[in-house]
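Visitor: Handing over structure.cif, mmCIF, C-alpha atoms.
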data_upload
#
loop_
_atom_site.label_atom_id
_atom_site.label_comp_id
_atom_site.auth_asym_id
_atom_site.auth_seq_id
_atom_site.Cartn_x
_atom_site.Cartn_y
_atom_site.Cartn_z
CA MET A 1 0.00 0.00 0.00
CA THR A 2 1.24 3.51 -0.74
CA ASP A 3 2.01 5.71 2.23
CA GLY A 4 -0.11 8.78 1.46
CA PHE A 5 -2.11 10.18 4.34
CA ALA A 6 -5.50 9.84 2.66
CA THR A 7 -4.71 6.26 1.66
CA ARG A 8 -3.84 5.36 5.24
CA ALA A 9 -6.97 7.11 6.51
CA ILE A 10 -9.15 5.00 4.24
CA HIS A 11 -7.38 1.63 4.35
CA ALA A 12 -5.39 1.22 7.60
CA GLY A 13 -7.12 -1.40 9.74
CA GLN A 14 -9.88 -1.69 7.16
CA ALA A 15 -9.32 -4.97 5.32
CA PHE A 16 -12.47 -6.24 3.61
CA ASP A 17 -14.44 -9.05 5.25
CA PRO A 18 -12.82 -12.33 4.10
CA THR A 19 -16.07 -14.30 4.43
CA THR A 20 -18.37 -12.14 2.31
CA GLY A 21 -16.02 -9.71 0.61
CA ALA A 22 -17.85 -6.75 2.20
CA ILE A 23 -15.71 -3.69 1.55
CA ILE A 24 -16.62 -2.27 4.98
CA PRO A 25 -15.59 -4.55 7.87
CA PRO A 26 -18.47 -5.69 10.09
CA VAL A 27 -19.32 -3.88 13.32
CA TYR A 28 -18.88 -6.42 16.10
CA LEU A 29 -21.78 -5.60 18.42
CA THR A 30 -20.99 -8.29 20.94
CA SER A 31 -20.14 -8.27 24.63
CA THR A 32 -18.34 -11.63 24.68
CA PHE A 33 -16.73 -14.26 22.45
CA VAL A 34 -17.19 -18.04 22.42
CA GLN A 35 -14.04 -19.98 23.33
CA ASP A 36 -12.76 -23.22 21.79
CA GLY A 37 -12.35 -24.85 25.18
CA ILE A 38 -11.16 -23.01 28.27
CA GLY A 39 -8.61 -20.45 27.20
CA GLY A 40 -9.02 -21.30 23.52
CA LEU A 41 -9.49 -17.77 22.23
CA ARG A 42 -10.30 -17.04 18.59
CA GLY A 43 -8.07 -14.21 17.48
CA GLY A 44 -7.31 -13.38 21.11
CA TYR A 45 -10.82 -12.15 21.86
CA GLU A 46 -12.63 -13.12 25.06
CA TYR A 47 -14.65 -10.14 26.38
CA GLY A 48 -15.69 -6.78 24.94
CA ARG A 49 -13.84 -4.68 27.49
CA SER A 50 -10.52 -6.37 26.81
CA GLY A 51 -10.82 -6.33 23.04
CA ASN A 52 -13.16 -5.95 20.08
CA PRO A 53 -12.29 -6.22 16.37
CA THR A 54 -14.04 -2.93 15.54
CA ARG A 55 -12.11 -1.07 18.21
CA ASP A 56 -8.88 -2.74 17.12
CA ALA A 57 -9.51 -1.58 13.56
CA LEU A 58 -9.91 2.01 14.74
CA GLN A 59 -6.75 1.75 16.84
CA ALA A 60 -4.76 0.52 13.85
CA GLN A 61 -6.14 3.41 11.81
CA LEU A 62 -5.22 5.98 14.47
CA ALA A 63 -1.69 4.67 14.87
CA ALA A 64 -1.17 4.79 11.11
CA LEU A 65 -2.40 8.40 10.87
CA GLU A 66 -0.12 9.69 13.62
CA GLY A 67 2.88 7.48 12.83
CA GLY A 68 2.74 5.78 16.23
CA ILE A 69 3.60 2.24 17.30
CA ARG A 70 0.13 1.74 18.76
CA ALA A 71 -3.05 3.60 19.63
CA LEU A 72 -5.62 3.08 22.35
CA SER A 73 -9.23 4.16 21.89
CA PHE A 74 -11.42 5.36 24.76
CA ALA A 75 -14.96 6.45 25.54
CA SER A 76 -14.02 10.14 25.57
CA GLY A 77 -11.05 12.43 25.18
CA LEU A 78 -10.84 12.92 28.94
CA ALA A 79 -10.96 9.16 29.51
CA ALA A 80 -7.98 8.86 27.15
CA GLU A 81 -6.09 11.60 29.04
CA ASP A 82 -6.95 9.99 32.37
CA ALA A 83 -5.56 6.62 31.26
CA LEU A 84 -2.33 8.25 30.11
CA LEU A 85 -1.97 10.15 33.39
CA ARG A 86 -2.62 7.02 35.47
CA ALA A 87 -0.09 5.05 33.43
CA ALA A 88 2.66 7.69 33.42
CA LEU A 89 2.38 9.26 36.87
CA ALA A 90 2.61 8.37 40.55
CA PRO A 91 1.76 10.46 43.64
CA GLY A 92 4.27 13.28 43.97
CA ASP A 93 4.92 13.58 40.24
CA HIS A 94 4.71 16.94 38.50
CA VAL A 95 3.05 18.01 35.23
CA VAL A 96 3.76 21.20 33.26
CA LEU A 97 0.76 22.41 31.25
CA GLY A 98 0.39 25.31 28.82
CA ASN A 99 -1.54 28.24 30.26
CA ASP A 100 -4.07 28.25 27.41
CA ALA A 101 -5.36 24.70 27.42
CA TYR A 102 -8.72 23.00 27.39
CA GLY A 103 -10.40 23.59 30.74
CA GLY A 104 -11.28 19.91 31.11
CA THR A 105 -7.61 18.91 30.91
CA HIS A 106 -6.69 21.39 33.63
CA ARG A 107 -9.62 20.21 35.76
CA LEU A 108 -8.61 16.55 35.34
CA ILE A 109 -4.98 17.10 36.34
CA ASP A 110 -5.59 19.70 39.04
CA ARG A 111 -8.82 18.60 40.71
CA VAL A 112 -8.89 14.85 40.09
CA HIS A 113 -5.26 13.73 40.00
CA GLY A 114 -4.30 16.57 42.34
CA LYS A 115 -6.16 14.81 45.15
CA TRP A 116 -3.82 11.85 44.64
CA GLY A 117 -0.67 13.90 44.97
CA VAL A 118 0.00 14.96 41.37
CA ARG A 119 1.32 18.52 41.16
CA LEU A 120 0.59 20.94 38.32
CA THR A 121 2.29 24.07 37.00
CA THR A 122 0.82 26.15 34.18
CA VAL A 123 3.17 28.21 32.05
CA ASP A 124 3.30 30.22 28.84
CA LEU A 125 4.79 27.70 26.43
CA ALA A 126 6.19 30.50 24.26
CA ASP A 127 8.41 31.59 27.16
CA THR A 128 11.36 29.18 26.86
CA ASP A 129 12.95 30.30 30.12
CA ALA A 130 9.69 29.83 32.01
CA VAL A 131 9.24 26.36 30.53
CA ARG A 132 12.80 25.38 31.51
CA GLU A 133 12.24 26.68 35.04
CA ALA A 134 8.95 24.77 35.41
CA LEU A 135 10.57 21.59 34.11
CA ARG A 136 13.26 21.87 36.82
CA THR A 137 10.63 21.13 39.46
CA PRO A 138 11.56 17.76 41.00
CA SER A 139 9.72 14.69 39.67
CA THR A 140 8.50 16.42 36.51
CA ARG A 141 7.21 13.64 34.32
CA LEU A 142 5.09 15.29 31.62
CA LEU A 143 5.13 18.46 29.54
CA TRP A 144 1.60 18.78 28.15
CA VAL A 145 1.21 20.85 24.98
CA GLU A 146 -1.87 21.95 23.05
CA THR A 147 -1.18 23.48 19.67
CA PRO A 148 -3.15 25.27 18.38
CA SER A 149 -4.41 25.98 21.88
CA ASN A 150 -7.99 26.18 23.06
CA PRO A 151 -9.35 28.82 22.68
CA LEU A 152 -6.73 31.52 22.01
CA MET A 153 -5.06 29.64 19.16
CA LYS A 154 -1.52 29.91 20.50
CA ILE A 155 1.03 28.00 18.44
CA SER A 156 3.71 26.10 20.34
CA ASP A 157 6.98 24.83 18.90
CA VAL A 158 6.58 21.07 19.32
CA ALA A 159 10.16 20.20 18.35
CA LEU A 160 11.66 22.75 20.76
CA LEU A 161 9.35 21.84 23.63
CA ALA A 162 9.98 18.13 23.13
CA GLU A 163 13.71 18.80 23.31
CA LEU A 164 13.28 20.79 26.53
CA ALA A 165 11.15 18.03 28.05
CA HIS A 166 13.68 15.36 27.16
CA GLU A 167 16.54 17.41 28.61
CA ALA A 168 14.58 17.44 31.88
CA GLY A 169 13.86 13.71 31.74
CA ALA A 170 10.17 14.29 31.02
CA LEU A 171 7.83 13.11 28.29
CA ALA A 172 6.27 15.49 25.75
CA VAL A 173 2.54 14.99 25.25
CA VAL A 174 0.73 16.87 22.48
CA ASP A 175 -3.01 17.32 22.28
CA ASN A 176 -3.48 17.29 18.51
CA THR A 177 -7.27 17.68 18.55
CA PHE A 178 -7.45 21.13 16.92
CA ALA A 179 -5.03 20.39 14.08
CA SER A 180 -5.76 16.68 13.58
CA PRO A 181 -3.12 14.41 12.03
CA ALA A 182 -4.18 15.68 8.62
CA LEU A 183 -2.47 19.00 9.40
CA GLN A 184 0.13 18.20 12.06
CA GLN A 185 2.27 15.22 13.03
CA PRO A 186 3.61 15.77 16.58
CA LEU A 187 5.40 12.41 16.86
CA ALA A 188 7.45 13.23 13.76
CA LEU A 189 8.38 16.55 15.44
CA GLY A 190 9.74 14.79 18.53
CA ALA A 191 6.72 14.34 20.82
CA ASP A 192 6.39 11.07 22.73
CA LEU A 193 2.62 10.74 22.89
CA VAL A 194 -0.40 12.29 21.19
CA VAL A 195 -3.89 12.61 22.64
CA HIS A 196 -7.16 13.31 20.85
CA SER A 197 -10.73 14.00 21.51
CA THR A 198 -11.85 11.88 18.55
CA THR A 199 -15.27 13.47 19.07
CA LYS A 200 -13.97 16.44 17.16
CA TYR A 201 -12.31 16.43 13.71
CA LEU A 202 -11.58 12.70 13.58
CA GLY A 203 -15.24 11.74 14.02
CA GLY A 204 -16.17 14.94 12.25
CA HIS A 205 -19.97 14.67 12.23
CA SER A 206 -21.04 15.60 15.78
CA ASP A 207 -22.53 12.15 16.32
CA VAL A 208 -20.00 10.29 18.48
CA ILE A 209 -17.98 10.79 21.66
CA GLY A 210 -14.49 9.31 21.89
CA GLY A 211 -10.82 9.78 22.68
CA ALA A 212 -7.45 8.26 21.90
CA VAL A 213 -3.83 8.05 22.96
CA VAL A 214 -1.20 7.38 20.29
CA VAL A 215 2.18 6.11 21.51
CA GLY A 216 5.44 7.04 19.81
CA ALA A 217 8.39 4.81 19.03
CA GLY A 218 10.54 3.77 21.96
CA HIS A 219 7.68 3.81 24.46
CA GLU A 220 6.49 0.24 24.22
CA GLU A 221 6.45 -0.21 27.99
CA LEU A 222 4.35 2.92 28.52
CA GLY A 223 2.05 1.75 25.72
CA GLU A 224 1.51 -1.49 27.61
CA ALA A 225 0.79 0.46 30.79
CA ILE A 226 -1.83 2.59 29.01
CA ALA A 227 -3.36 -0.55 27.49
CA PHE A 228 -3.59 -2.01 31.00
CA GLN A 229 -5.45 1.08 32.17
CA GLN A 230 -7.81 0.72 29.21
CA PHE A 231 -8.54 -2.87 30.25
CA ALA A 232 -8.48 -2.51 34.03
CA VAL A 233 -10.43 0.76 34.32
CA GLY A 234 -12.64 -0.01 31.35
CA ALA A 235 -13.39 3.36 29.74
CA VAL A 236 -13.31 1.78 26.27
CA SER A 237 -14.98 3.01 23.11
CA ALA A 238 -18.04 0.95 22.25
CA PRO A 239 -18.10 -0.88 18.88
CA LEU A 240 -20.60 1.46 17.21
CA ASP A 241 -18.69 4.52 18.46
CA ALA A 242 -15.47 3.05 17.08
CA PHE A 243 -17.17 2.42 13.73
CA LEU A 244 -18.54 5.97 13.52
CA THR A 245 -15.09 7.38 14.27
CA THR A 246 -13.49 5.18 11.62
CA ARG A 247 -16.11 6.27 9.10
CA GLY A 248 -15.39 9.91 9.86
CA ILE A 249 -11.63 9.50 9.58
CA LYS A 250 -11.91 8.30 5.99
CA THR A 251 -12.85 11.81 4.85
CA LEU A 252 -10.58 13.65 7.29
CA GLU A 253 -8.11 15.01 4.76
CA VAL A 254 -10.71 16.52 2.41
CA ARG A 255 -12.72 17.90 5.31
CA MET A 256 -9.71 19.59 6.89
CA ARG A 257 -8.90 21.34 3.63
CA ARG A 258 -12.44 22.79 3.53
CA HIS A 259 -12.46 23.65 7.25
CA SER A 260 -9.17 25.51 6.82
CA ALA A 261 -10.25 27.42 3.71
CA ASN A 262 -13.55 28.45 5.27
CA ALA A 263 -11.93 29.52 8.54
CA GLN A 264 -9.39 31.61 6.66
CA ALA A 265 -12.18 33.42 4.84
CA VAL A 266 -14.19 34.03 8.02
CA ALA A 267 -11.11 35.28 9.88
CA GLU A 268 -10.18 37.67 7.08
CA ALA A 269 -13.77 38.96 6.95
CA LEU A 270 -13.64 39.85 10.65
CA VAL A 271 -10.22 41.50 10.79
CA GLY A 272 -10.43 45.26 11.17
CA ARG A 273 -14.22 45.35 11.39
CA PRO A 274 -15.86 47.84 13.75
CA GLY A 275 -16.53 46.14 17.06
CA VAL A 276 -13.77 43.55 16.59
CA GLU A 277 -10.80 43.98 18.90
CA ARG A 278 -8.80 40.97 17.72
CA VAL A 279 -9.10 37.80 15.64
CA TYR A 280 -7.16 34.77 16.86
CA TYR A 281 -6.36 32.62 13.82
CA PRO A 282 -2.90 31.30 12.88
CA GLY A 283 -3.62 31.70 9.19
CA LEU A 284 -3.51 35.49 9.55
CA PRO A 285 -0.04 36.97 8.88
CA GLU A 286 -0.36 39.17 11.96
CA HIS A 287 -0.90 36.18 14.25
CA PRO A 288 2.24 35.84 16.43
CA GLY A 289 2.45 32.13 15.66
CA HIS A 290 1.79 32.41 11.93
CA GLU A 291 5.29 31.58 10.68
CA LEU A 292 5.71 28.70 13.13
CA ALA A 293 2.30 27.30 12.19
CA ALA A 294 3.21 27.53 8.50
CA ARG A 295 6.33 25.43 9.17
CA GLN A 296 4.81 22.99 11.64
CA MET A 297 1.39 22.45 10.06
CA SER A 298 0.20 21.78 6.52
CA GLY A 299 -2.87 23.99 7.02
CA PHE A 300 -4.18 26.39 9.63
CA GLY A 301 -7.31 24.50 10.69
CA GLY A 302 -10.96 25.31 11.23
CA MET A 303 -10.86 26.97 14.66
CA LEU A 304 -10.70 30.67 15.42
CA SER A 305 -11.62 33.00 18.25
CA VAL A 306 -12.72 36.63 18.23
CA ALA A 307 -12.36 39.28 20.93
CA LEU A 308 -15.18 41.84 20.81
CA ALA A 309 -14.40 45.47 21.58
CA GLY A 310 -17.60 45.84 23.57
CA GLY A 311 -16.54 43.41 26.29
CA GLU A 312 -18.62 40.62 27.79
CA ALA A 313 -21.97 42.04 26.73
CA ALA A 314 -20.88 42.31 23.10
CA ALA A 315 -19.41 38.80 23.13
CA ARG A 316 -22.64 37.36 24.47
CA ARG A 317 -24.73 39.24 21.87
CA PHE A 318 -22.49 38.08 19.06
CA ALA A 319 -22.61 34.43 20.20
CA GLU A 320 -26.40 34.56 20.38
CA SER A 321 -26.90 36.39 17.04
CA THR A 322 -25.53 33.94 14.49
CA ARG A 323 -27.88 31.82 12.39
CA VAL A 324 -25.73 29.34 10.47
CA PHE A 325 -23.25 29.04 13.35
CA GLN A 326 -25.14 27.13 16.05
CA LEU A 327 -24.63 28.01 19.73
CA ALA A 328 -23.24 24.80 21.21
CA GLU A 329 -20.22 23.29 22.92
CA SER A 330 -17.80 21.01 21.06
CA LEU A 331 -16.11 21.58 17.72
CA GLY A 332 -14.76 19.89 14.62
CA GLY A 333 -18.01 18.77 13.02
CA VAL A 334 -19.15 19.56 9.51
CA GLU A 335 -21.60 22.02 11.06
CA SER A 336 -20.37 25.44 12.14
CA LEU A 337 -20.61 26.09 15.89
CA ILE A 338 -20.09 29.13 18.08
CA GLY A 339 -19.46 29.21 21.82
CA TYR A 340 -18.73 31.54 24.69
CA PRO A 341 -15.77 29.84 26.39
CA SER A 342 -15.86 31.78 29.66
CA GLU A 343 -19.27 30.27 30.53
CA MET A 344 -19.20 27.15 28.39
CA THR A 345 -16.11 25.07 27.55
CA HIS A 346 -13.80 26.86 30.01
CA ALA A 347 -16.15 27.65 32.90
CA SER A 348 -14.17 25.25 35.12
CA VAL A 349 -11.03 27.42 34.91
CA LYS A 350 -12.56 30.79 35.80
CA GLY A 351 -10.39 32.40 38.43
CA THR A 352 -7.30 30.43 37.37
CA PRO A 353 -4.39 31.41 35.06
CA LEU A 354 -6.30 29.60 32.27
CA ALA A 355 -9.38 31.82 32.53
CA VAL A 356 -10.57 32.97 29.10
CA PRO A 357 -11.18 36.72 28.58
CA GLU A 358 -14.89 37.49 28.88
CA ASN A 359 -14.97 39.31 25.54
CA VAL A 360 -13.89 36.21 23.55
CA VAL A 361 -16.10 33.93 21.46
CA ARG A 362 -14.88 30.75 19.78
CA LEU A 363 -15.92 29.59 16.30
CA SER A 364 -15.66 26.09 14.91
CA VAL A 365 -15.92 26.79 11.20
CA GLY A 366 -17.69 23.99 9.35
CA ILE A 367 -17.77 23.01 5.71
CA GLU A 368 -20.92 24.85 4.63
CA SER A 369 -20.83 27.30 1.71
CA VAL A 370 -18.25 29.90 2.66
CA ASP A 371 -20.35 32.84 1.46
CA ASP A 372 -23.10 31.84 3.90
CA LEU A 373 -20.63 31.64 6.78
CA VAL A 374 -19.10 35.03 6.05
CA ALA A 375 -22.54 36.60 5.67
CA ASP A 376 -23.60 35.07 8.98
CA VAL A 377 -20.75 36.51 11.04
CA GLU A 378 -21.20 39.87 9.32
CA GLN A 379 -24.89 40.05 10.21
CA ALA A 380 -24.15 38.88 13.75
CA LEU A 381 -21.56 41.62 14.11
CA GLN A 382 -24.05 44.20 12.84
CA ALA A 383 -26.64 42.95 15.33
CA THR A 384 -24.05 43.18 18.09
CA LEU A 385 -23.17 46.77 17.24
CA ALA A 386 -26.84 47.71 16.95
CA GLY A 387 -27.48 46.36 20.44
CA ALA A 388 -24.61 48.25 22.03
#
Since I need it in another form, could you write the structure as structure tokens?
Guide:
Amino acid sequence: MTDGFATRAIHAGQAFDPTTGAIIPPVYLTSTFVQDGIGGLRGGYEYGRSGNPTRDALQAQLAALEGGIRALSFASGLAAEDALLRAALAPGDHVVLGNDAYGGTHRLIDRVHGKWGVRLTTVDLADTDAVREALRTPSTRLLWVETPSNPLMKISDVALLAELAHEAGALAVVDNTFASPALQQPLALGADLVVHSTTKYLGGHSDVIGGAVVVGAGHEELGEAIAFQQFAVGAVSAPLDAFLTTRGIKTLEVRMRRHSANAQAVAEALVGRPGVERVYYPGLPEHPGHELAARQMSGFGGMLSVALAGGEAAARRFAESTRVFQLAESLGGVESLIGYPSEMTHASVKGTPLAVPENVVRLSVGIESVDDLVADVEQALQATLAGA
């Protein structure tokens, strides 16, 4: 098989059914598997929590897309992160996290694992000296990077940060949800592990919840430890969820091209408009991470955020005035969504260094007709200004 990304997305783990020749492998909706005598397992399968052919097919697909040695699929992105943290950390260990990260990740490390003795430092990942200083904290085990970040679209230098982590004896973890492997390959840049909310661009159709950890070369033992957490804790992706994610992945490359093109057009339409204080999108030349994103990514993605000059009231009006963009949490689906992070996706980090400015709204730009999307944000902005 050729090694092109789209070819891997469509064919990795997706051999046709040898019995019938069905081009799409069956979905194995079963909780258990009949044994040929005690311990006589067919294909190694015994119980749905420990293994399922549909989940295995998705895991093979995910590993192929990210260039990893293995992937583990979970019931949600946070379940995937939790399994990684349990496998990699012990009480007293320390994690360094970017100061513009998904609120749920901060909550998981700080409020869940924090009760078991895990320590957390948040830092601006663009400040190399600050990162080095944070990594000097004794028992630092993980440097956790989101790029682009959620929701302020900061771009972090994966290769540099991985080098700094390794110098400190830590692992570099990259949340690649916003970019997807279609646009960014963190393992090839030096990261050790990649995490995803597969709910987002990988699934791509707002109809499935899931998560994944992809393990890089040289970390076989850690991969086994994460697999043990998957089995022992049991937050596995169900067969139908795995199938829906696999189905979405097959169109990932073409979708990401359209997401990126549409987001670029929407961002450019908002720049410099009355009532707009700032547009956060790495595809804009004025974005501080633009040149790094152009080197590190093959496209700028479908996510952008907008700061409204009128403060919280203007941001709320704008978020509630769109028509094509639907007011909802989540992102990465074919439908365009808009959210108000301070009270929605990032409400759990209000009052912390990760708190999102109250004048910011976040847009997940879908793959609808671009003229309709641009017209929608323009009319929403007019409605916002009229209500001031």
Visitor: Pick the closest to Val215 of chain A from A:Glu66, A:Asp56, A:Glu268, A:Asp241: which is it, counting only C-alpha atoms?
Guide: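 Checking each of A:Glu66, A:Asp56, A:Glu268, A:Asp241 against Val215 of chain A, counting only C-alpha atoms, the winner is A:Glu66.
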Visitor: Would you tabulate, counting only C-alpha atoms, all residues of segment 153-203 of chain A that have an atom at most 10 Å from an atom of segment 323-333 of chain A, showing the closest pair of atoms and their distance in Å to one decimal, sorted by chain then ascending number, as CSV?
Guide:
residue,atom,partner,partner_atom,distance
A:Thr177,CA,A:Gly332,CA,8.7
A:Phe178,CA,A:Gly332,CA,7.8
A:Ala179,CA,A:Gly332,CA,9.8
A:Ser180,CA,A:Gly332,CA,9.6
A:Ser197,CA,A:Gly332,CA,9.9
A:Thr198,CA,A:Gly332,CA,9.4
A:Thr199,CA,A:Gly332,CA,7.8
A:Lys200,CA,A:Gly332,CA,4.4
A:Tyr201,CA,A:Gly332,CA,4.3
A:Leu202,CA,A:Gly332,CA,7.9
A:Gly203,CA,A:Gly333,CA,7.6
Visitor: Check the smallest atom-to-atom distance from each of A:Ala90, A:Ala355, A:Ile249, A:Met153 to Gly13 of chain A using only C-alpha atoms, then report the winner.
Guide: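 Looking at the shortest contact to Gly13 of chain A, the residue is A:Ile249.
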Visitor: List the residues selected by the PyMOL selection byres ((chain A and resi 147) around 9) in the file shown, writing them as number ranges by chain.
Guide: A: 101, 145-146, 148-150, 153-158, 174-179
Visitor: Which residue is closest to Arg257 of chain A? Choose from A:Leu143, A:Val365, A:Leu58, A:Val173 and count all atoms listed in the file.
Guide: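 Under the stated criterion, the closest residue is A:Val365.
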Visitor: Mind checking which residues fall within 9 Å of Ser342 of chain A, counting all atoms listed in the file, ignoring those fewer than 6 positions away in the same chain, and posting them as a ChimeraX atom specification?
Guide: /A:348-350,355-361
Visitor: Considering all atoms listed in the file, return as number ranges by chain whatever protein or nucleic-acid residues lie within 10 Å of segment 298-302 of chain A, sequence-local ones (same chain, fewer than 6 positions apart) excluded.
Guide: A: 148, 178-185, 201, 255-264, 266, 281-284, 290, 331-333, 336, 363-367
Visitor: Those residues you just picked out, can you put them in a file as a PDB file, keeping the file's coordinate frame with C-alpha atoms?
Guide:
ATOM      1  CA  PRO A 148      -3.150  25.270  18.380  1.00  0.00           C
ATOM      2  CA  PHE A 178      -7.450  21.130  16.920  1.00  0.00           C
ATOM      3  CA  ALA A 179      -5.030  20.390  14.080  1.00  0.00           C
ATOM      4  CA  SER A 180      -5.760  16.680  13.580  1.00  0.00           C
ATOM      5  CA  PRO A 181      -3.120  14.410  12.030  1.00  0.00           C
ATOM      6  CA  ALA A 182      -4.180  15.680   8.620  1.00  0.00           C
ATOM      7  CA  LEU A 183      -2.470  19.000   9.400  1.00  0.00           C
ATOM      8  CA  GLN A 184       0.130  18.200  12.060  1.00  0.00           C
ATOM      9  CA  GLN A 185       2.270  15.220  13.030  1.00  0.00           C
ATOM     10  CA  TYR A 201     -12.310  16.430  13.710  1.00  0.00           C
ATOM     11  CA  ARG A 255     -12.720  17.900   5.310  1.00  0.00           C
ATOM     12  CA  MET A 256      -9.710  19.590   6.890  1.00  0.00           C
ATOM     13  CA  ARG A 257      -8.900  21.340   3.630  1.00  0.00           C
ATOM     14  CA  ARG A 258     -12.440  22.790   3.530  1.00  0.00           C
ATOM     15  CA  HIS A 259     -12.460  23.650   7.250  1.00  0.00           C
ATOM     16  CA  SER A 260      -9.170  25.510   6.820  1.00  0.00           C
ATOM     17  CA  ALA A 261     -10.250  27.420   3.710  1.00  0.00           C
ATOM     18  CA  ASN A 262     -13.550  28.450   5.270  1.00  0.00           C
ATOM     19  CA  ALA A 263     -11.930  29.520   8.540  1.00  0.00           C
ATOM     20  CA  GLN A 264      -9.390  31.610   6.660  1.00  0.00           C
ATOM     21  CA  VAL A 266     -14.190  34.030   8.020  1.00  0.00           C
ATOM     22  CA  TYR A 281      -6.360  32.620  13.820  1.00  0.00           C
ATOM     23  CA  PRO A 282      -2.900  31.300  12.880  1.00  0.00           C
ATOM     24  CA  GLY A 283      -3.620  31.700   9.190  1.00  0.00           C
ATOM     25  CA  LEU A 284      -3.510  35.490   9.550  1.00  0.00           C
ATOM     26  CA  HIS A 290       1.790  32.410  11.930  1.00  0.00           C
ATOM     27  CA  LEU A 331     -16.110  21.580  17.720  1.00  0.00           C
ATOM     28  CA  GLY A 332     -14.760  19.890  14.620  1.00  0.00           C
ATOM     29  CA  GLY A 333     -18.010  18.770  13.020  1.00  0.00           C
ATOM     30  CA  SER A 336     -20.370  25.440  12.140  1.00  0.00           C
ATOM     31  CA  LEU A 363     -15.920  29.590  16.300  1.00  0.00           C
ATOM     32  CA  SER A 364     -15.660  26.090  14.910  1.00  0.00           C
ATOM     33  CA  VAL A 365     -15.920  26.790  11.200  1.00  0.00           C
ATOM     34  CA  GLY A 366     -17.690  23.990   9.350  1.00  0.00           C
ATOM     35  CA  ILE A 367     -17.770  23.010   5.710  1.00  0.00           C
TER      36      ILE A 367
END
Visitor: Near Val271 of chain A, counting all atoms listed in the file, which residues have an atom at most 10 Å away, once you skip same-chain residues fewer than 6 positions from it, shown as JSON, numbers by chain?
Guide: {"A": [277, 278, 279, 280, 284, 306]}
Visitor: Write the residues of the preceding selection, restricted to C-alpha atoms, as a short mmCIF file (atom, residue, chain, number, x, y, z; two decimals), in the frame of the given file.
Guide:
data_model
loop_
_atom_site.label_atom_id
_atom_site.label_comp_id
_atom_site.auth_asym_id
_atom_site.auth_seq_id
_atom_site.Cartn_x
_atom_site.Cartn_y
_atom_site.Cartn_z
CA GLU A 277 -10.80 43.98 18.90
CA ARG A 278 -8.80 40.97 17.72
CA VAL A 279 -9.10 37.80 15.64
CA TYR A 280 -7.16 34.77 16.86
CA LEU A 284 -3.51 35.49 9.55
CA VAL A 306 -12.72 36.63 18.23
#
Visitor: Could you tell me which residues the PyMOL selection byres ((chain A and resi 310) around 9) grabs in this file, written as a count of residues only?
Guide: 15
